[in-house]
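data_39.txt (compact mmCIF, C-alpha atoms and all ligand atoms)
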```txt
# COMPACT_ATOMS: atom_id res chain seq x y z
CA MET A 16 0.00 0.00 0.00
CA THR A 17 1.30 3.46 -0.85
CA ARG A 18 1.20 5.78 2.15
CA LEU A 19 0.71 9.45 1.46
CA PRO A 20 2.97 11.73 3.55
CA GLY A 21 1.24 12.54 6.82
CA HIS A 22 -1.33 9.74 6.38
CA ARG A 23 -2.35 8.38 9.81
CA MET A 24 -3.90 4.92 10.08
CA SER A 25 -5.59 6.02 13.31
CA ALA A 26 -7.30 9.11 11.84
CA PRO A 27 -11.01 9.26 12.79
CA ARG A 28 -13.06 7.69 10.06
CA GLU A 29 -16.71 7.16 9.30
CA PRO A 30 -18.07 3.67 10.04
CA ARG A 31 -18.56 1.61 6.89
CA HIS A 32 -21.51 -0.31 8.34
CA ALA A 33 -24.90 0.77 6.97
CA PRO A 34 -27.82 0.25 9.41
CA VAL A 35 -30.31 -2.32 8.09
CA LEU A 36 -34.09 -1.77 8.06
CA ALA A 37 -33.54 1.78 9.38
CA ALA A 38 -36.92 3.22 8.36
CA GLU A 39 -38.70 0.06 9.55
CA VAL A 40 -36.96 0.22 12.96
CA LEU A 41 -38.14 3.80 13.53
CA ASP A 42 -41.62 3.07 12.25
CA ARG A 43 -42.26 -0.11 14.28
CA LEU A 44 -40.40 0.87 17.46
CA GLY A 45 -41.57 4.49 17.40
CA PRO A 46 -39.11 6.26 19.75
CA ARG A 47 -40.63 9.53 21.00
CA PRO A 48 -39.23 12.80 22.37
CA GLY A 49 -38.18 12.58 26.02
CA GLU A 50 -38.00 8.75 26.12
CA THR A 51 -35.11 6.64 27.39
CA TRP A 52 -33.84 4.01 24.96
CA VAL A 53 -31.16 1.34 24.85
CA ASP A 54 -29.26 0.34 21.73
CA CYS A 55 -27.75 -3.02 22.77
CA THR A 56 -25.52 -3.17 19.69
CA VAL A 57 -24.18 0.28 18.84
CA GLY A 58 -21.83 -0.93 16.07
CA GLY A 59 -21.21 1.99 13.70
CA GLY A 60 -23.90 3.99 15.53
CA GLY A 61 -26.35 4.12 12.60
CA HIS A 62 -29.46 3.04 14.52
CA SER A 63 -28.28 4.84 17.67
CA LEU A 64 -28.08 8.10 15.78
CA LEU A 65 -31.62 7.72 14.43
CA ILE A 66 -33.02 6.88 17.87
CA ALA A 67 -31.07 9.72 19.55
CA ASP A 68 -32.50 12.08 16.99
CA ARG A 69 -36.06 10.94 17.78
CA VAL A 70 -35.78 11.06 21.58
CA GLY A 71 -34.19 14.51 21.27
CA ALA A 72 -32.55 16.73 23.87
CA SER A 73 -35.06 15.76 26.58
CA GLY A 74 -34.46 12.05 25.97
CA ARG A 75 -31.65 9.66 26.69
CA LEU A 76 -29.89 6.87 24.84
CA VAL A 77 -27.76 4.20 26.50
CA GLY A 78 -25.60 2.38 23.94
CA LEU A 79 -23.80 -0.92 24.54
CA ASP A 80 -21.28 -2.81 22.49
CA GLN A 81 -18.98 -5.63 23.49
CA ASP A 82 -16.39 -4.29 21.06
CA PRO A 83 -14.71 -1.12 22.37
CA THR A 84 -13.30 -0.35 18.91
CA MET A 85 -16.86 -0.03 17.56
CA LEU A 86 -17.79 2.35 20.39
CA ASP A 87 -14.72 4.46 19.53
CA LEU A 88 -15.81 4.52 15.90
CA ALA A 89 -19.40 5.53 16.73
CA ARG A 90 -18.59 8.00 19.53
CA PRO A 91 -17.81 11.10 17.39
CA ARG A 92 -21.15 10.86 15.53
CA LEU A 93 -23.09 10.19 18.72
CA ASP A 94 -21.37 13.02 20.61
CA ALA A 95 -22.83 15.32 17.99
CA ALA A 96 -26.36 13.92 18.47
CA GLY A 97 -29.05 15.96 20.21
CA ALA A 98 -29.84 13.48 22.99
CA ARG A 99 -27.90 12.61 26.12
CA VAL A 100 -25.91 9.55 25.04
CA THR A 101 -24.09 7.18 27.38
CA LEU A 102 -21.87 4.54 25.75
CA VAL A 103 -20.91 1.45 27.75
CA HIS A 104 -18.47 -1.33 26.83
CA ALA A 105 -20.51 -4.37 27.85
CA ASN A 106 -22.14 -7.51 26.58
CA PHE A 107 -25.89 -7.01 26.28
CA ASP A 108 -26.43 -9.98 28.56
CA GLN A 109 -25.26 -7.59 31.30
CA LEU A 110 -27.95 -5.00 30.48
CA ALA A 111 -29.68 -5.23 33.88
CA GLY A 112 -26.42 -4.40 35.71
CA VAL A 113 -25.54 -1.61 33.26
CA LEU A 114 -28.91 0.10 33.82
CA GLU A 115 -28.69 -0.39 37.57
CA ASN A 116 -25.26 1.30 37.62
CA LEU A 117 -26.75 4.24 35.72
CA GLY A 118 -29.67 4.46 38.17
CA ILE A 119 -32.26 3.58 35.49
CA ASP A 120 -35.09 1.24 36.65
CA ALA A 121 -36.87 0.73 33.34
CA VAL A 122 -36.63 2.05 29.79
CA ASP A 123 -39.08 2.97 27.05
CA GLY A 124 -37.44 0.91 24.37
CA VAL A 125 -34.65 -1.48 23.45
CA LEU A 126 -33.11 -2.40 20.11
CA ALA A 127 -30.65 -5.22 19.38
CA ASP A 128 -29.20 -5.60 15.86
CA LEU A 129 -27.40 -8.91 16.22
CA GLY A 130 -24.11 -10.23 14.87
CA PHE A 131 -21.16 -8.22 13.62
CA ALA A 132 -20.63 -4.92 11.80
CA SER A 133 -19.08 -4.67 8.34
CA ASP A 134 -16.15 -2.78 9.89
CA GLN A 135 -15.35 -5.80 12.10
CA MET A 136 -15.65 -8.28 9.24
CA ASP A 137 -13.36 -6.19 7.02
CA ALA A 138 -10.60 -5.91 9.63
CA GLY A 139 -8.41 -8.95 8.85
CA ALA A 140 -6.77 -8.70 12.27
CA ARG A 141 -10.09 -9.64 13.92
CA GLY A 142 -10.03 -13.02 12.23
CA LEU A 143 -13.76 -13.02 11.37
CA SER A 144 -13.40 -13.39 7.62
CA PHE A 145 -12.19 -16.27 5.50
CA ARG A 146 -11.49 -13.75 2.74
CA GLU A 147 -8.83 -11.87 4.72
CA ASP A 148 -5.87 -13.66 6.26
CA GLY A 149 -5.41 -12.87 9.94
CA PRO A 150 -5.11 -14.47 13.36
CA LEU A 151 -7.82 -17.09 13.97
CA ASP A 152 -9.44 -14.95 16.69
CA MET A 153 -13.14 -14.10 15.97
CA ARG A 154 -13.86 -12.53 19.37
CA LEU A 155 -16.27 -9.60 19.05
CA ASP A 156 -14.92 -8.50 22.43
CA PRO A 157 -11.17 -8.55 21.79
CA THR A 158 -10.49 -7.98 25.50
CA ALA A 159 -11.93 -11.24 26.86
CA GLY A 160 -12.50 -14.94 26.35
CA ALA A 161 -11.11 -17.79 24.28
CA THR A 162 -10.24 -17.24 20.61
CA ALA A 163 -11.35 -19.41 17.69
CA ALA A 164 -7.80 -20.85 17.58
CA ASP A 165 -8.10 -21.81 21.28
CA LEU A 166 -11.33 -23.68 20.47
CA VAL A 167 -10.25 -25.51 17.31
CA ASN A 168 -6.94 -26.53 18.88
CA ALA A 169 -8.51 -27.86 22.10
CA MET A 170 -12.09 -29.11 21.63
CA SER A 171 -12.79 -32.80 21.12
CA GLU A 172 -13.61 -34.03 17.63
CA ALA A 173 -17.23 -34.75 18.66
CA ALA A 174 -17.70 -31.30 20.21
CA LEU A 175 -16.29 -29.58 17.12
CA ALA A 176 -18.60 -31.60 14.86
CA ASP A 177 -21.58 -30.56 17.03
CA VAL A 178 -20.60 -26.86 16.79
CA PHE A 179 -20.22 -27.03 12.98
CA PHE A 180 -23.54 -28.86 12.63
CA GLU A 181 -25.66 -26.97 15.16
CA PHE A 182 -24.44 -23.42 14.60
CA GLY A 183 -23.53 -23.70 10.91
CA GLU A 184 -25.89 -26.43 9.68
CA GLU A 185 -22.79 -27.84 7.95
CA ARG A 186 -23.71 -31.22 6.49
CA HIS A 187 -20.06 -32.31 6.39
CA SER A 188 -19.48 -31.41 10.05
CA ARG A 189 -17.99 -34.78 11.04
CA ARG A 190 -15.57 -34.86 8.14
CA VAL A 191 -14.38 -31.31 8.88
CA ALA A 192 -13.96 -32.07 12.61
CA ARG A 193 -11.92 -35.21 11.83
CA LYS A 194 -9.66 -33.30 9.44
CA VAL A 195 -9.19 -30.45 11.93
CA VAL A 196 -8.16 -32.86 14.69
CA GLU A 197 -5.76 -34.73 12.35
CA ARG A 198 -4.11 -31.52 11.16
CA ARG A 199 -3.72 -29.88 14.58
CA ALA A 200 -1.82 -32.94 15.83
CA THR A 201 1.13 -31.89 13.67
CA ARG A 202 0.62 -28.12 13.62
CA PRO A 203 -1.94 -26.15 15.66
CA PHE A 204 -4.12 -23.67 13.77
CA ALA A 205 -3.13 -20.01 14.02
CA THR A 206 -4.52 -18.17 10.99
CA THR A 207 -7.86 -17.82 9.17
CA ALA A 208 -6.35 -18.66 5.76
CA ASP A 209 -4.85 -21.91 7.07
CA PHE A 210 -8.10 -22.96 8.78
CA ALA A 211 -10.23 -22.01 5.75
CA ALA A 212 -7.97 -24.06 3.44
CA VAL A 213 -8.44 -27.17 5.61
CA VAL A 214 -12.23 -26.67 5.69
CA ARG A 215 -12.36 -26.15 1.91
CA SER A 216 -10.38 -29.37 1.39
CA CYS A 217 -13.25 -31.40 2.86
CA VAL A 218 -16.44 -29.46 2.00
CA PRO A 219 -17.58 -29.65 -1.63
CA ARG A 220 -18.45 -26.33 -3.27
CA SER A 221 -22.19 -25.87 -3.74
CA GLY A 222 -24.32 -22.94 -4.94
CA GLY A 223 -21.88 -19.95 -5.34
CA ILE A 224 -20.98 -19.71 -1.61
CA ASP A 225 -17.48 -20.33 -0.29
CA PRO A 226 -17.33 -23.85 1.24
CA ALA A 227 -15.84 -22.35 4.44
CA THR A 228 -18.85 -20.04 5.05
CA ARG A 229 -20.90 -22.27 7.34
CA VAL A 230 -17.99 -23.47 9.47
CA PHE A 231 -16.77 -19.89 9.96
CA GLN A 232 -20.26 -18.77 11.02
CA ALA A 233 -20.50 -21.71 13.44
CA LEU A 234 -17.14 -20.98 15.01
CA ARG A 235 -17.95 -17.27 15.43
CA ILE A 236 -21.26 -18.11 17.16
CA ALA A 237 -19.43 -20.51 19.51
CA VAL A 238 -16.51 -18.17 20.28
CA ASN A 239 -18.88 -15.34 21.22
CA ASP A 240 -21.58 -17.52 22.83
CA GLU A 241 -23.96 -15.56 20.63
CA LEU A 242 -27.06 -17.67 21.28
CA GLY A 243 -26.44 -17.81 25.04
CA ALA A 244 -26.13 -14.01 25.19
CA LEU A 245 -29.33 -13.58 23.15
CA ASP A 246 -31.24 -15.97 25.44
CA ARG A 247 -30.07 -14.06 28.52
CA LEU A 248 -31.03 -10.70 26.98
CA LEU A 249 -34.50 -11.94 25.98
CA ALA A 250 -35.03 -13.35 29.48
CA ALA A 251 -34.03 -10.03 31.10
CA LEU A 252 -36.08 -7.69 28.91
CA PRO A 253 -39.53 -8.06 30.57
CA LYS A 254 -38.13 -6.57 33.80
CA LEU A 255 -36.21 -3.78 32.05
CA VAL A 256 -38.84 -2.43 29.62
CA ARG A 257 -41.66 -0.46 31.24
CA PRO A 258 -45.28 -1.30 30.40
CA GLY A 259 -46.09 0.27 27.03
CA GLY A 260 -42.41 0.18 26.05
CA ARG A 261 -41.14 -1.55 22.92
CA ALA A 262 -38.40 -4.07 22.17
CA GLY A 263 -37.03 -4.92 18.75
CA VAL A 264 -34.49 -7.47 17.57
CA ILE A 265 -32.92 -7.74 14.12
CA SER A 266 -31.63 -11.26 13.53
CA PHE A 267 -29.63 -12.74 10.68
CA HIS A 268 -30.19 -16.49 10.81
CA SER A 269 -32.89 -18.93 11.84
CA LEU A 270 -31.21 -19.94 15.12
CA GLU A 271 -31.56 -16.35 16.32
CA ASP A 272 -34.97 -15.61 14.80
CA ARG A 273 -36.50 -18.72 16.35
CA ARG A 274 -35.48 -17.52 19.83
CA VAL A 275 -36.82 -14.00 19.29
CA LYS A 276 -40.12 -15.31 17.91
CA GLN A 277 -40.52 -17.62 20.91
CA ALA A 278 -39.64 -14.93 23.48
CA PHE A 279 -42.03 -12.32 22.02
CA ARG A 280 -44.85 -14.82 21.55
CA GLY A 281 -46.90 -14.31 24.71
CA PRO A 282 -47.27 -12.26 27.90
CA PRO A 283 -45.80 -9.88 28.91
CA TRP A 284 -45.39 -9.05 25.21
CA GLU A 285 -47.91 -8.30 22.50
CA PRO A 286 -46.68 -8.36 18.92
CA VAL A 287 -46.16 -5.15 16.97
CA THR A 288 -44.92 -7.16 13.97
CA LYS A 289 -47.00 -10.31 13.41
CA LYS A 290 -44.52 -11.50 10.78
CA PRO A 291 -40.85 -10.50 10.75
CA VAL A 292 -40.15 -7.34 8.74
CA GLU A 293 -37.67 -7.84 5.89
CA ALA A 294 -35.81 -5.47 3.58
CA GLY A 295 -37.53 -4.07 0.50
CA ASP A 296 -36.11 -4.20 -3.04
CA GLU A 297 -34.35 -0.85 -2.82
CA GLU A 298 -32.44 -1.79 0.34
CA LEU A 299 -31.68 -5.29 -0.97
CA ALA A 300 -30.09 -3.74 -4.06
CA ARG A 301 -28.10 -1.24 -1.99
CA ASN A 302 -27.02 -3.39 0.97
CA PRO A 303 -26.41 -7.13 0.45
CA ARG A 304 -26.20 -7.61 4.22
CA SER A 305 -29.93 -6.82 4.50
CA ARG A 306 -30.77 -10.03 2.60
CA SER A 307 -31.08 -12.16 5.72
CA ALA A 308 -32.20 -9.44 8.19
CA LYS A 309 -35.48 -10.04 10.06
CA LEU A 310 -36.92 -7.49 12.48
CA ARG A 311 -39.39 -8.52 15.19
CA VAL A 312 -40.92 -5.95 17.53
CA ALA A 313 -43.09 -6.43 20.61
CA ARG A 314 -44.81 -4.10 23.09
CA ARG A 315 -44.59 -4.70 26.84
CA THR A 316 -48.10 -5.02 28.25
C1 LIG B 401 -24.86 -5.55 13.26
S1 LIG B 401 -23.77 -4.61 14.24
C2 LIG B 401 -24.76 -3.26 14.76
C3 LIG B 401 -24.80 -2.15 13.77
C4 LIG B 401 -25.55 -0.93 14.25
N1 LIG B 401 -26.94 -1.18 14.49
C5 LIG B 401 -25.38 0.23 13.28
O1 LIG B 401 -26.40 0.80 12.85
O2 LIG B 401 -24.25 0.58 12.96
C6 LIG B 401 -23.68 -5.54 15.70
C7 LIG B 401 -22.82 -4.93 16.79
O3 LIG B 401 -23.20 -5.53 18.01
C8 LIG B 401 -22.09 -5.91 18.74
N2 LIG B 401 -22.50 -7.09 19.51
C9 LIG B 401 -22.79 -8.32 19.04
N3 LIG B 401 -23.16 -9.12 20.04
C10 LIG B 401 -23.14 -8.36 21.18
C11 LIG B 401 -23.41 -8.64 22.55
N4 LIG B 401 -23.78 -9.86 22.96
N5 LIG B 401 -23.29 -7.63 23.44
C12 LIG B 401 -22.90 -6.39 23.04
N6 LIG B 401 -22.60 -6.08 21.75
C13 LIG B 401 -22.72 -7.06 20.82
C14 LIG B 401 -21.00 -6.17 17.73
O4 LIG B 401 -19.73 -5.96 18.34
C15 LIG B 401 -21.33 -5.15 16.64
O5 LIG B 401 -20.64 -3.96 16.84
```

Could I get this file's structure written as structure tokens?
Amino acid sequence: MTRLPGHRMSAPREPRHAPVLAAEVLDRLGPRPGETWVDCTVGGGGHSLLIADRVGASGRLVGLDQDPTMLDLARPRLDAAGARVTLVHANFDQLAGVLENLGIDAVDGVLADLGFASDQMDAGARGLSFREDGPLDMRLDPTAGATAADLVNAMSEAALADVFFEFGEERHSRRVARKVVERRATRPFATTADFAAVVRSCVPRSGGIDPATRVFQALRIAVNDELGALDRLLAALPKLVRPGGRAGVISFHSLEDRRVKQAFRGPPWEPVTKKPVEAGDEELARNPRSRSAKLRVARRT
């Protein structure tokens, strides 16, 4: 890469991530002036900014992200927002404790836009992508927990196969797990390119997607305990959202959507969206990431 004189890699930059279903989020969740809202997944701050704008100077937004680098990226845009914004580095499964520390008993609304931001996927050093070589890390919170390399170098063959099958719906899960265990006996895995090459050597290519896609998704879900965190958030929400308040979750695969659907099904929730809201043609053409996005919203009775 050619560096221009004076070019700083750390210069503030705009997030690359475009918020999905932005108009639909505002329409179905309906944040109003003066309300207190939580964005559980600040990411690039796209949804946060829209909510902050709606709640206005008399309102408040508490924003969480488990990745401090995303909070740093979003902070400049949110500092400029009208509302009072408090950003907290935390997993959303700690939401009850975060609100308690801030002296907030209950909020008017909560949004969670699950998964990862484009900025995280593009950063090879995070090890989330099989397209970029980097350390086999995959932690969305780079400050805590076991990395993907720790998992693939230590888990039993049966446990690895279960992860690939359950979280990635990978039909060749057993074959991949066997190959991973064979290979690590001579040389432990350290990089995404190395791991992806081993996966590709035992998963046949089908339909234009990279054969490593499903195993990478599975490993990311396991490393970040994504489904466990979602279950804990959904279980905590009824106590944290005041009656009349709204909660919305944007999910990106059926394992997540199933949980949200189940949690919002009955009391103390009533559905705002009977069916999940999906992206329209214009957004689909503009933002490929919106293809699998599903928004479900419920009102606390
Ligand atoms: C899809 S992005 C959110 C994008 C954001 N809505 C926007 O408009 O820019 C998901 C973000 O949530 C964060 N995240 C994922 N799981 C989390 C969890 N359990 N707790 C806190 N943050 C989480 C990720 O680090 C990432 O920054």

Point-to-point distance from atom CA of Arg215 of chain A to atom CA of Ala227 of chain A, Å rounded to tenths: 5.7 Å

Which residues, written as JSON, numbers by chain, have at least one atom at most 12 Å from Arg186 of chain A, with only C-alpha atoms counted and residues fewer than 2 positions away on the same chain left out? {"A": [176, 177, 178, 179, 180, 181, 182, 183, 184, 188, 189, 190, 191, 192, 217, 218, 219, 221, 226, 229, 230]}

Using all atoms listed in the file, which residue out of A:Leu270, A:Ala208, A:Leu76, A:Ile265 lies closest to Glu147 of chain A? A:Ala208

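Nearest to Asp209 of chain A of all the residues A:Gly118, A:Gly223, A:Gly243, A:Gly142 is A:Gly142, based on all atoms listed in the file.
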
Pick out the residues no farther than 7 Å from ligand LIG 401 (chain B), counting only C-alpha atoms and all ligand atoms, and list them as a VMD selection string. chain A and resid 32 to 35 55 to 63 79 to 82 85 105 to 108 128 to 132 155 to 156 241 244 to 245

Could you work out how far atom CA of Arg141 of chain A lies from atom CA of Arg154 of chain A, giving the answer in Å with one decimal?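 Going from atom CA of Arg154 of chain A over to atom CA of Arg141 of chain A, I get 7.2 Å.
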
Using only C-alpha atoms, determine which residues lie at most 12 Å from Leu114 of chain A, disregarding the query and same-chain residues fewer than 3 positions distant; provide the list as an MDAnalysis selection string. chainID A and resid 51:53 55 76:79 101:103 105 107:111 117:122 125 251:252 254:256

Excluding same-chain residues fewer than 2 positions from Leu88 of chain A, what lies within 8 Å of it counting all atoms listed in the file, as number ranges by chain? A: 27-30, 59, 84-86, 90-91

Could you make a table, as a Markdown table, of the residues of segment 183-279 of chain A that have an atom within 8 Å of an atom of segment 303-312 of chain A, each with its nearest atom pair and distance in Å to one decimal, counting only C-alpha atoms, in chain and number order?
```
| residue | atom | partner | partner_atom | distance |
| --- | --- | --- | --- | --- |
| A:Arg261 | CA | A:Val312 | CA | 7.0 |
| A:Ala262 | CA | A:Val312 | CA | 5.6 |
| A:Gly263 | CA | A:Val312 | CA | 4.2 |
| A:Val264 | CA | A:Arg311 | CA | 5.5 |
| A:Ile265 | CA | A:Leu310 | CA | 4.3 |
| A:Ser266 | CA | A:Lys309 | CA | 5.3 |
| A:Phe267 | CA | A:Ala308 | CA | 4.9 |
| A:His268 | CA | A:Ser307 | CA | 6.7 |
| A:Asp272 | CA | A:Lys309 | CA | 7.3 |
| A:Val275 | CA | A:Arg311 | CA | 7.3 |
| A:Lys276 | CA | A:Arg311 | CA | 7.4 |
| A:Phe279 | CA | A:Val312 | CA | 7.9 |
```

So which one's closest to Ser144 of chain A, A:Asp225, A:Glu172, A:Ser269, A:Ala250? Using all atoms listed in the file, please.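 Of the candidates, the smallest distance to Ser144 of chain A is held by A:Asp225.
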
Residues within 8 Å of (-15.6, -25.9, 20.8), file coordinates, counting all atoms listed in the file: what are they? Give the list as a compact mmCIF listing (two decimals) with C-alpha atoms, keeping the file's coordinate frame.
```
# COMPACT_ATOMS: atom_id res chain seq x y z
CA LEU A 166 -11.33 -23.68 20.47
CA VAL A 167 -10.25 -25.51 17.31
CA ALA A 169 -8.51 -27.86 22.10
CA MET A 170 -12.09 -29.11 21.63
CA SER A 171 -12.79 -32.80 21.12
CA ALA A 174 -17.70 -31.30 20.21
CA LEU A 175 -16.29 -29.58 17.12
CA VAL A 178 -20.60 -26.86 16.79
CA LEU A 234 -17.14 -20.98 15.01
CA ALA A 237 -19.43 -20.51 19.51
CA VAL A 238 -16.51 -18.17 20.28
```

Between atom CA of Gly260 of chain A and atom CA of Glu298 of chain A, measure the distance and give it in Å to one decimal. 27.6 Å

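With only C-alpha atoms as the atoms that count, the residue of A:His187, A:Arg199, A:His104, A:Arg43 with the shortest distance to Arg314 of chain A is A:Arg43.
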
Could you check which of A:Gly124, A:Gly97, A:Gly139, A:Gly160 is closest to Arg47 of chain A, using only C-alpha atoms?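 Using only C-alpha atoms, Arg47 of chain A sits closest to A:Gly124.
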
Fewer than 4 positions away in the same chain doesn't count, so skip those; otherwise give me all residues within 6 Å of Arg315 of chain A, counting all atoms listed in the file, as a list in words.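 These residues fall inside the cut-off: Pro258, Gly259, Gly260, Pro283 and Trp284 of chain A.
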
From the set A:Ile236, A:Ala313, A:Leu93, A:Ile66, which residue has the shortest atom-to-atom contact distance to Leu249 of chain A, counting all atoms listed in the file?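 Among the listed residues, A:Ala313 lies closest to Leu249 of chain A.
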